[in-house]
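Undergrad: Structure supplied as upload_10.cif; contents: mmCIF, C-alpha atoms and all ligand atoms.
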data_my_file
loop_
_atom_site.label_atom_id
_atom_site.label_comp_id
_atom_site.auth_asym_id
_atom_site.auth_seq_id
_atom_site.Cartn_x
_atom_site.Cartn_y
_atom_site.Cartn_z
CA MET A 276 -32.62 46.61 24.51
CA ASP A 277 -33.67 49.63 26.52
CA VAL A 278 -32.08 50.48 29.84
CA ILE A 279 -35.00 49.29 32.00
CA GLU A 280 -35.08 45.93 30.26
CA ALA A 281 -31.30 45.65 30.64
CA ILE A 282 -31.47 46.45 34.38
CA PHE A 283 -34.26 43.95 34.99
CA THR A 284 -32.86 41.08 32.92
CA ARG A 285 -29.14 41.37 33.73
CA GLN A 286 -27.83 38.72 36.04
CA SER A 287 -24.46 37.30 36.93
CA VAL A 288 -23.33 34.43 34.76
CA GLY A 289 -20.17 32.65 35.79
CA LYS A 290 -19.97 30.00 33.08
CA VAL A 291 -19.13 31.33 29.64
CA LYS A 292 -17.74 30.01 26.37
CA PRO A 293 -13.99 30.33 25.76
CA ASP A 294 -14.65 32.07 22.41
CA PRO A 295 -12.83 35.40 22.12
CA VAL A 296 -14.74 38.67 22.27
CA PRO A 297 -13.75 41.16 19.53
CA ALA A 298 -11.70 44.11 20.77
CA GLU A 299 -14.22 46.59 19.37
CA VAL A 300 -16.97 45.00 21.47
CA ILE A 301 -14.82 45.27 24.61
CA GLU A 302 -14.11 48.90 23.73
CA ARG A 303 -17.84 49.59 23.53
CA LEU A 304 -18.24 48.17 27.03
CA VAL A 305 -15.49 50.34 28.47
CA LEU A 306 -16.92 53.35 26.66
CA ALA A 307 -20.28 52.62 28.33
CA ALA A 308 -18.48 52.32 31.68
CA VAL A 309 -17.01 55.81 31.47
CA GLN A 310 -20.44 57.40 31.00
CA ALA A 311 -20.91 56.99 34.77
CA PRO A 312 -21.28 60.07 36.97
CA ASN A 313 -18.22 61.22 38.87
CA HIS A 314 -17.60 64.17 41.17
CA TYR A 315 -15.25 66.98 40.06
CA LYS A 316 -14.83 65.21 36.71
CA VAL A 317 -11.82 63.34 38.07
CA ARG A 318 -12.67 60.17 36.09
CA PRO A 319 -11.30 58.02 38.92
CA TRP A 320 -11.68 54.67 37.13
CA ARG A 321 -8.84 52.61 35.71
CA PHE A 322 -9.45 49.55 33.56
CA VAL A 323 -7.03 46.78 32.74
CA VAL A 324 -8.39 44.52 30.01
CA LEU A 325 -6.92 41.03 30.19
CA THR A 326 -7.38 38.62 27.31
CA GLY A 327 -5.35 35.73 25.88
CA THR A 328 -2.07 35.16 27.66
CA GLY A 329 -2.62 38.30 29.74
CA ARG A 330 -5.03 36.18 31.78
CA GLU A 331 -2.43 33.42 32.10
CA ARG A 332 0.10 35.90 33.47
CA LEU A 333 -2.46 37.11 36.01
CA GLY A 334 -3.24 33.50 36.94
CA GLN A 335 0.45 32.86 37.53
CA VAL A 336 0.69 35.91 39.83
CA MET A 337 -2.36 34.66 41.75
CA ALA A 338 -0.86 31.16 42.05
CA ASP A 339 2.51 32.57 43.20
CA SER A 340 0.75 34.63 45.89
CA PHE A 341 -1.22 31.60 46.99
CA ARG A 342 2.02 29.59 47.31
CA ALA A 343 3.66 32.40 49.30
CA LYS A 344 0.71 32.37 51.74
CA PHE A 345 0.35 28.59 51.86
CA PRO A 346 3.80 27.10 51.20
CA GLN A 347 2.47 23.56 51.79
CA ALA A 348 -0.29 23.93 49.17
CA PRO A 349 -0.44 20.90 46.84
CA PRO A 350 0.08 21.42 43.08
CA GLU A 351 -3.67 20.93 42.47
CA ALA A 352 -4.50 23.90 44.69
CA LEU A 353 -2.00 26.07 42.80
CA GLU A 354 -3.42 24.89 39.49
CA LYS A 355 -6.92 25.79 40.69
CA GLU A 356 -5.73 29.28 41.62
CA ARG A 357 -3.93 29.69 38.29
CA ASN A 358 -7.06 28.67 36.37
CA LYS A 359 -9.31 31.22 38.08
CA ALA A 360 -8.16 33.88 35.65
CA LEU A 361 -9.11 31.61 32.74
CA ARG A 362 -12.79 31.34 33.67
CA ALA A 363 -13.72 33.79 30.91
CA PRO A 364 -12.03 35.01 27.71
CA VAL A 365 -12.08 38.61 28.98
CA LEU A 366 -11.33 39.99 32.42
CA VAL A 367 -11.59 43.66 33.14
CA ALA A 368 -9.80 44.59 36.35
CA VAL A 369 -11.12 47.87 37.70
CA GLY A 370 -9.08 50.13 39.96
CA VAL A 371 -9.82 53.44 41.64
CA ASP A 372 -7.56 56.49 41.65
CA LYS A 373 -6.59 57.92 45.02
CA PRO A 374 -7.75 61.53 45.42
CA ALA A 375 -5.11 63.91 44.10
CA GLU A 376 -6.56 67.06 45.69
CA PRO A 377 -8.17 67.78 49.10
CA ARG A 378 -11.71 68.36 47.81
CA VAL A 379 -11.82 64.90 46.22
CA VAL A 380 -13.09 62.23 48.59
CA GLU A 381 -11.98 58.64 48.23
CA ILE A 382 -15.42 57.12 48.86
CA GLU A 383 -16.82 59.22 46.03
CA ASN A 384 -14.16 57.92 43.66
CA ILE A 385 -15.08 54.38 44.71
CA CYS A 386 -18.80 55.08 44.19
CA ALA A 387 -18.19 56.53 40.73
CA THR A 388 -16.05 53.55 39.75
CA ALA A 389 -18.68 51.10 41.02
CA ALA A 390 -21.24 52.94 38.87
CA ALA A 391 -18.89 52.49 35.91
CA CYS A 392 -18.73 48.75 36.64
CA GLN A 393 -22.51 48.47 36.60
CA ASN A 394 -22.65 50.42 33.32
CA LEU A 395 -20.17 47.96 31.87
CA LEU A 396 -22.19 44.95 33.08
CA LEU A 397 -25.39 46.37 31.60
CA ALA A 398 -23.69 47.15 28.31
CA ALA A 399 -22.28 43.61 28.20
CA HIS A 400 -25.75 42.21 28.75
CA ALA A 401 -27.19 44.40 25.98
CA GLU A 402 -24.43 43.10 23.65
CA GLY A 403 -25.55 39.50 24.34
CA LEU A 404 -22.57 38.80 26.57
CA ALA A 405 -22.57 37.16 29.98
CA ALA A 406 -20.61 38.66 32.86
CA LYS A 407 -19.86 38.36 36.54
CA TRP A 408 -18.35 40.81 39.01
CA ARG A 409 -15.85 39.07 41.26
CA THR A 410 -13.36 40.23 43.85
CA GLY A 411 -12.02 37.67 46.36
CA SER A 412 -8.53 37.73 47.87
CA PRO A 413 -6.79 38.76 44.58
CA ALA A 414 -8.55 42.14 44.83
CA THR A 415 -6.54 43.03 47.95
CA ASP A 416 -3.35 41.24 47.00
CA PRO A 417 -0.41 43.70 46.62
CA ALA A 418 1.28 41.40 44.07
CA VAL A 419 -1.85 41.35 41.91
CA LYS A 420 -2.17 45.13 42.17
CA GLN A 421 1.47 45.57 41.21
CA PHE A 422 1.06 43.25 38.21
CA LEU A 423 -1.92 45.32 37.05
CA GLY A 424 -0.03 48.59 37.50
CA PHE A 425 -1.90 49.75 40.59
CA ASP A 426 -0.35 51.17 43.76
CA PRO A 427 -0.65 49.00 46.89
CA ASP A 428 -3.01 51.55 48.51
CA GLN A 429 -5.23 51.89 45.43
CA HIS A 430 -8.54 50.04 45.59
CA LEU A 431 -9.07 47.26 43.09
CA ILE A 432 -12.84 46.91 43.22
CA ALA A 433 -13.67 44.43 40.50
CA PHE A 434 -12.64 41.68 38.21
CA LEU A 435 -15.40 41.68 35.59
CA TYR A 436 -15.40 38.28 33.90
CA ILE A 437 -16.98 38.51 30.44
CA GLY A 438 -17.73 36.08 27.63
CA TYR A 439 -20.47 34.66 25.45
CA PRO A 440 -23.07 32.76 27.47
CA GLU A 441 -22.93 28.99 27.56
CA GLY A 442 -26.48 27.66 27.74
CA GLU A 443 -29.40 29.29 29.45
CA THR A 444 -29.28 30.83 32.93
CA PRO A 445 -32.63 30.64 34.72
CA PRO A 446 -33.87 34.10 35.75
CA VAL A 447 -33.13 35.11 39.34
CA GLU A 448 -35.77 36.34 41.78
CA ARG A 449 -34.54 39.41 43.60
CA PRO A 450 -36.11 40.69 46.82
CA SER A 451 -38.08 43.88 46.38
CA PHE A 452 -37.24 47.30 47.78
CA GLU A 453 -39.91 47.78 50.48
CA ASP A 454 -37.92 46.47 53.46
CA ARG A 455 -34.99 48.68 52.48
CA THR A 456 -36.95 51.85 51.83
CA VAL A 457 -38.66 54.49 53.94
CA TRP A 458 -40.67 57.42 52.64
CA MET A 459 -40.42 60.78 54.38
CA ASP A 460 -43.14 63.10 53.24
CA LYS A 461 -43.44 65.21 56.37
C1 LIG D 501 -18.21 44.43 44.87
C2 LIG D 501 -18.69 43.06 44.52
C3 LIG D 501 -17.85 41.98 44.67
C4 LIG D 501 -18.27 40.69 44.37
N1 LIG D 501 -17.39 39.64 44.50
C5 LIG D 501 -17.82 38.38 44.20
C6 LIG D 501 -16.91 37.29 44.25
O1 LIG D 501 -15.73 37.43 44.56
N2 LIG D 501 -17.40 36.06 43.97
C7 LIG D 501 -18.71 35.85 43.63
O2 LIG D 501 -19.11 34.71 43.38
N3 LIG D 501 -19.58 36.88 43.56
C8 LIG D 501 -19.16 38.14 43.81
N4 LIG D 501 -20.03 39.19 43.73
C9 LIG D 501 -21.46 38.94 43.51
C10 LIG D 501 -21.84 38.66 42.09
O3 LIG D 501 -21.16 39.47 41.17
C11 LIG D 501 -23.36 38.83 41.87
O4 LIG D 501 -23.69 40.19 41.83
C12 LIG D 501 -24.21 38.16 42.89
O5 LIG D 501 -23.94 36.79 42.86
C13 LIG D 501 -25.71 38.41 42.63
O6 LIG D 501 -26.06 37.95 41.37
P1 LIG D 501 -26.76 38.89 40.31
O7 LIG D 501 -25.70 39.79 39.77
O8 LIG D 501 -27.29 37.93 39.28
O9 LIG D 501 -27.84 39.63 41.01
C14 LIG D 501 -19.60 40.48 43.95
C15 LIG D 501 -20.45 41.59 43.77
C16 LIG D 501 -19.99 42.87 44.03
C17 LIG D 501 -20.93 44.03 43.80
#
If you took the structure in this file and wrote it as structure tokens, what would it be?
TA:
Amino acid sequence: MDVIEAIFTRQSVGKVKPDPVPAEVIERLVLAAVQAPNHYKVRPWRFVVLTGTGRERLGQVMADSFRAKFPQAPPEALEKERNKALRAPVLVAVGVDKPAEPRVVEIENICATAAACQNLLLAAHAEGLAAKWRTGSPATDPAVKQFLGFDPDQHLIAFLYIGYPEGETPPVERPSFEDRTVWMDK
């Protein structure tokens, strides 16, 4: 699949099979991710690949946080929270390094890491995998960040849920670019 076809046919797919994805396939995705451009060659991206019981441990952290915020939450609500991390056989949590020197700008590190996420999604699509970029409240939860090895002030910009597609996903229509684009030729 060439890059243009990948860009135009990629779409988010939330429902995937529970079948495991081989480690070497996941490694190819992360290798594609780190081909993204980044300023000053700081390589600001950090990936935490969660599979198997790693996802269960994350789910438990998410459920514990939910209970801390909503002490009256019924067991079903906690179970729902716990199961969120099990929606796909592979989760890649993506964090961003804080700038370590004055010339490095945080927004640029975030931009570079977002570009890495898109590379990873496109590579997953080209490998015949389905994926979805999610964030939600866990992305700003200090307990989740700590579990993943991130500092509380580090941005956690994505949970990329990845697995083999279950069934067909109808193609999405995306709005075109005209209403978001101006041309300046003078
Ligand atoms: C930074 C970011 C965070 C997102 N967080 C969520 C999320 O928490 N839940 C969700 O359903 N979609 C989330 N999305 C949107 C989906 O990943 C997806 O891009 C969107 O539904 C459009 O579908 P498409 O990828 O097929 O164009 C997020 C997208 C981005 C870029």
Undergrad: Dump the neighbourhood of ligand LIG 501 (chain D) as a ChimeraX atom specification: all residues within 10 Å, distances computed on all atoms listed in the file.
TA: /A:283-289,389,392-393,396,406-414,431-436,444,446-449
Undergrad: Which residues come within 9 Å of segment 307-317 of chain A, counting all atoms listed in the file, excluding same-chain residues fewer than 5 positions away, as a list in words?
TA: Glu302, Asp372, Pro374, Arg378, Val379, Val380, Glu383, Asn384, Cys386, Ala387, Thr388, Ala389, Ala390, Ala391, Cys392, Gln393, Asn394, Leu395, Leu396, Leu397 and Ala398 of chain A
Undergrad: Filtering to C-alpha atoms, could you give me those residues as a PDB file, in the coordinates of the input?
TA:
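Full text of selection-v3.pdb as output:
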ATOM      1  CA  GLU A 302     -14.110  48.900  23.730  1.00  0.00           C
ATOM      2  CA  ASP A 372      -7.560  56.490  41.650  1.00  0.00           C
ATOM      3  CA  PRO A 374      -7.750  61.530  45.420  1.00  0.00           C
ATOM      4  CA  ARG A 378     -11.710  68.360  47.810  1.00  0.00           C
ATOM      5  CA  VAL A 379     -11.820  64.900  46.220  1.00  0.00           C
ATOM      6  CA  VAL A 380     -13.090  62.230  48.590  1.00  0.00           C
ATOM      7  CA  GLU A 383     -16.820  59.220  46.030  1.00  0.00           C
ATOM      8  CA  ASN A 384     -14.160  57.920  43.660  1.00  0.00           C
ATOM      9  CA  CYS A 386     -18.800  55.080  44.190  1.00  0.00           C
ATOM     10  CA  ALA A 387     -18.190  56.530  40.730  1.00  0.00           C
ATOM     11  CA  THR A 388     -16.050  53.550  39.750  1.00  0.00           C
ATOM     12  CA  ALA A 389     -18.680  51.100  41.020  1.00  0.00           C
ATOM     13  CA  ALA A 390     -21.240  52.940  38.870  1.00  0.00           C
ATOM     14  CA  ALA A 391     -18.890  52.490  35.910  1.00  0.00           C
ATOM     15  CA  CYS A 392     -18.730  48.750  36.640  1.00  0.00           C
ATOM     16  CA  GLN A 393     -22.510  48.470  36.600  1.00  0.00           C
ATOM     17  CA  ASN A 394     -22.650  50.420  33.320  1.00  0.00           C
ATOM     18  CA  LEU A 395     -20.170  47.960  31.870  1.00  0.00           C
ATOM     19  CA  LEU A 396     -22.190  44.950  33.080  1.00  0.00           C
ATOM     20  CA  LEU A 397     -25.390  46.370  31.600  1.00  0.00           C
ATOM     21  CA  ALA A 398     -23.690  47.150  28.310  1.00  0.00           C
TER      22      ALA A 398
END
Undergrad: How many Å separate atom CA of Met337 of chain A from atom CA of Leu306 of chain A?
TA: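 Interatomic distance here is 28.1 Å.
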Undergrad: Please indicate the distance in Å from atom CA of Glu441 of chain A to atom CA of Val291 of chain A, rounded to one decimal place.
TA: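 For atom CA of Glu441 of chain A relative to atom CA of Val291 of chain A, the distance reads 4.9 Å.
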Undergrad: Would you mind telling me which residue in A:Ala401, A:Val369, A:Ala360, A:Val305 lies nearest to Phe425 of chain A when using only C-alpha atoms?
TA: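 Counting only C-alpha atoms, the residue closest to Phe425 of chain A is A:Val369.
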Undergrad: Identify which of the residues A:Pro364, A:Phe452, A:Ala405, A:Trp320 lies closest to His430 of chain A, counting only C-alpha atoms when measuring atom-to-atom distances.
TA: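 Of A:Pro364, A:Phe452, A:Ala405, A:Trp320, the one nearest His430 of chain A is A:Trp320, counting only C-alpha atoms.
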Undergrad: What is the distance, in Å and to one decimal place, between atom CA of Lys355 of chain A and atom CA of Ala338 of chain A?
TA: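 Value for the atom CA of Lys355 of chain A-atom CA of Ala338 of chain A distance: 8.2 Å.
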Undergrad: Can you pull out every residue within 9 Å of Gln335 of chain A, counting all atoms listed in the file, but drop anything in the same chain fewer than 2 positions away, and send it as a PDB file with C-alpha atoms, in the coordinates of the input?
TA:
ATOM      1  CA  ARG A 330      -5.030  36.180  31.780  1.00  0.00           C
ATOM      2  CA  GLU A 331      -2.430  33.420  32.100  1.00  0.00           C
ATOM      3  CA  ARG A 332       0.100  35.900  33.470  1.00  0.00           C
ATOM      4  CA  LEU A 333      -2.460  37.110  36.010  1.00  0.00           C
ATOM      5  CA  MET A 337      -2.360  34.660  41.750  1.00  0.00           C
ATOM      6  CA  ALA A 338      -0.860  31.160  42.050  1.00  0.00           C
ATOM      7  CA  ASP A 339       2.510  32.570  43.200  1.00  0.00           C
ATOM      8  CA  SER A 340       0.750  34.630  45.890  1.00  0.00           C
ATOM      9  CA  LEU A 353      -2.000  26.070  42.800  1.00  0.00           C
ATOM     10  CA  GLU A 356      -5.730  29.280  41.620  1.00  0.00           C
ATOM     11  CA  ARG A 357      -3.930  29.690  38.290  1.00  0.00           C
ATOM     12  CA  ASN A 358      -7.060  28.670  36.370  1.00  0.00           C
ATOM     13  CA  ALA A 360      -8.160  33.880  35.650  1.00  0.00           C
TER      14      ALA A 360
END
Undergrad: Taking only C-alpha atoms, show segment 371-418 of chain A of the given structure as a compact mmCIF listing (two decimals), in the first residue's frame.
TA:
# COMPACT_ATOMS: atom_id res chain seq x y z
CA VAL A 371 5.94 13.61 25.28
CA ASP A 372 9.25 14.62 26.83
CA LYS A 373 9.43 18.01 28.51
CA PRO A 374 12.04 20.27 26.88
CA ALA A 375 15.43 19.73 28.50
CA GLU A 376 17.07 22.86 27.06
CA PRO A 377 15.84 26.45 26.47
CA ARG A 378 15.77 26.28 22.66
CA VAL A 379 13.39 23.31 22.71
CA VAL A 380 9.75 24.35 22.74
CA GLU A 381 7.13 22.15 24.33
CA ILE A 382 4.52 22.64 21.59
CA GLU A 383 7.04 21.44 19.03
CA ASN A 384 7.68 18.29 21.03
CA ILE A 385 3.92 17.70 21.14
CA CYS A 386 3.60 18.30 17.39
CA ALA A 387 6.43 15.88 16.62
CA THR A 388 4.91 13.22 18.87
CA ALA A 389 1.48 13.68 17.25
CA ALA A 390 3.15 13.17 13.86
CA ALA A 391 4.67 9.96 15.23
CA CYS A 392 1.19 8.81 16.29
CA GLN A 393 -0.18 9.37 12.80
CA ASN A 394 2.78 7.48 11.31
CA LEU A 395 1.99 4.60 13.63
CA LEU A 396 -1.71 4.62 12.67
CA LEU A 397 -0.86 4.62 8.97
CA ALA A 398 1.65 1.82 9.40
CA ALA A 399 -0.93 -0.20 11.34
CA HIS A 400 -3.42 0.29 8.52
CA ALA A 401 -0.85 -0.80 5.93
CA GLU A 402 -0.20 -3.95 8.03
CA GLY A 403 -3.92 -4.83 7.86
CA LEU A 404 -4.53 -3.80 11.45
CA ALA A 405 -7.31 -1.62 12.80
CA ALA A 406 -6.58 1.18 15.24
CA LYS A 407 -8.09 4.07 17.13
CA TRP A 408 -6.51 7.06 18.85
CA ARG A 409 -8.15 7.71 22.20
CA THR A 410 -7.44 10.01 25.10
CA GLY A 411 -10.26 10.72 27.59
CA SER A 412 -9.75 11.38 31.30
CA PRO A 413 -7.01 8.70 31.73
CA ALA A 414 -4.72 10.83 29.54
CA THR A 415 -4.60 13.55 32.20
CA ASP A 416 -4.80 11.28 35.23
CA PRO A 417 -1.63 11.55 37.39
CA ALA A 418 -2.08 7.95 38.62
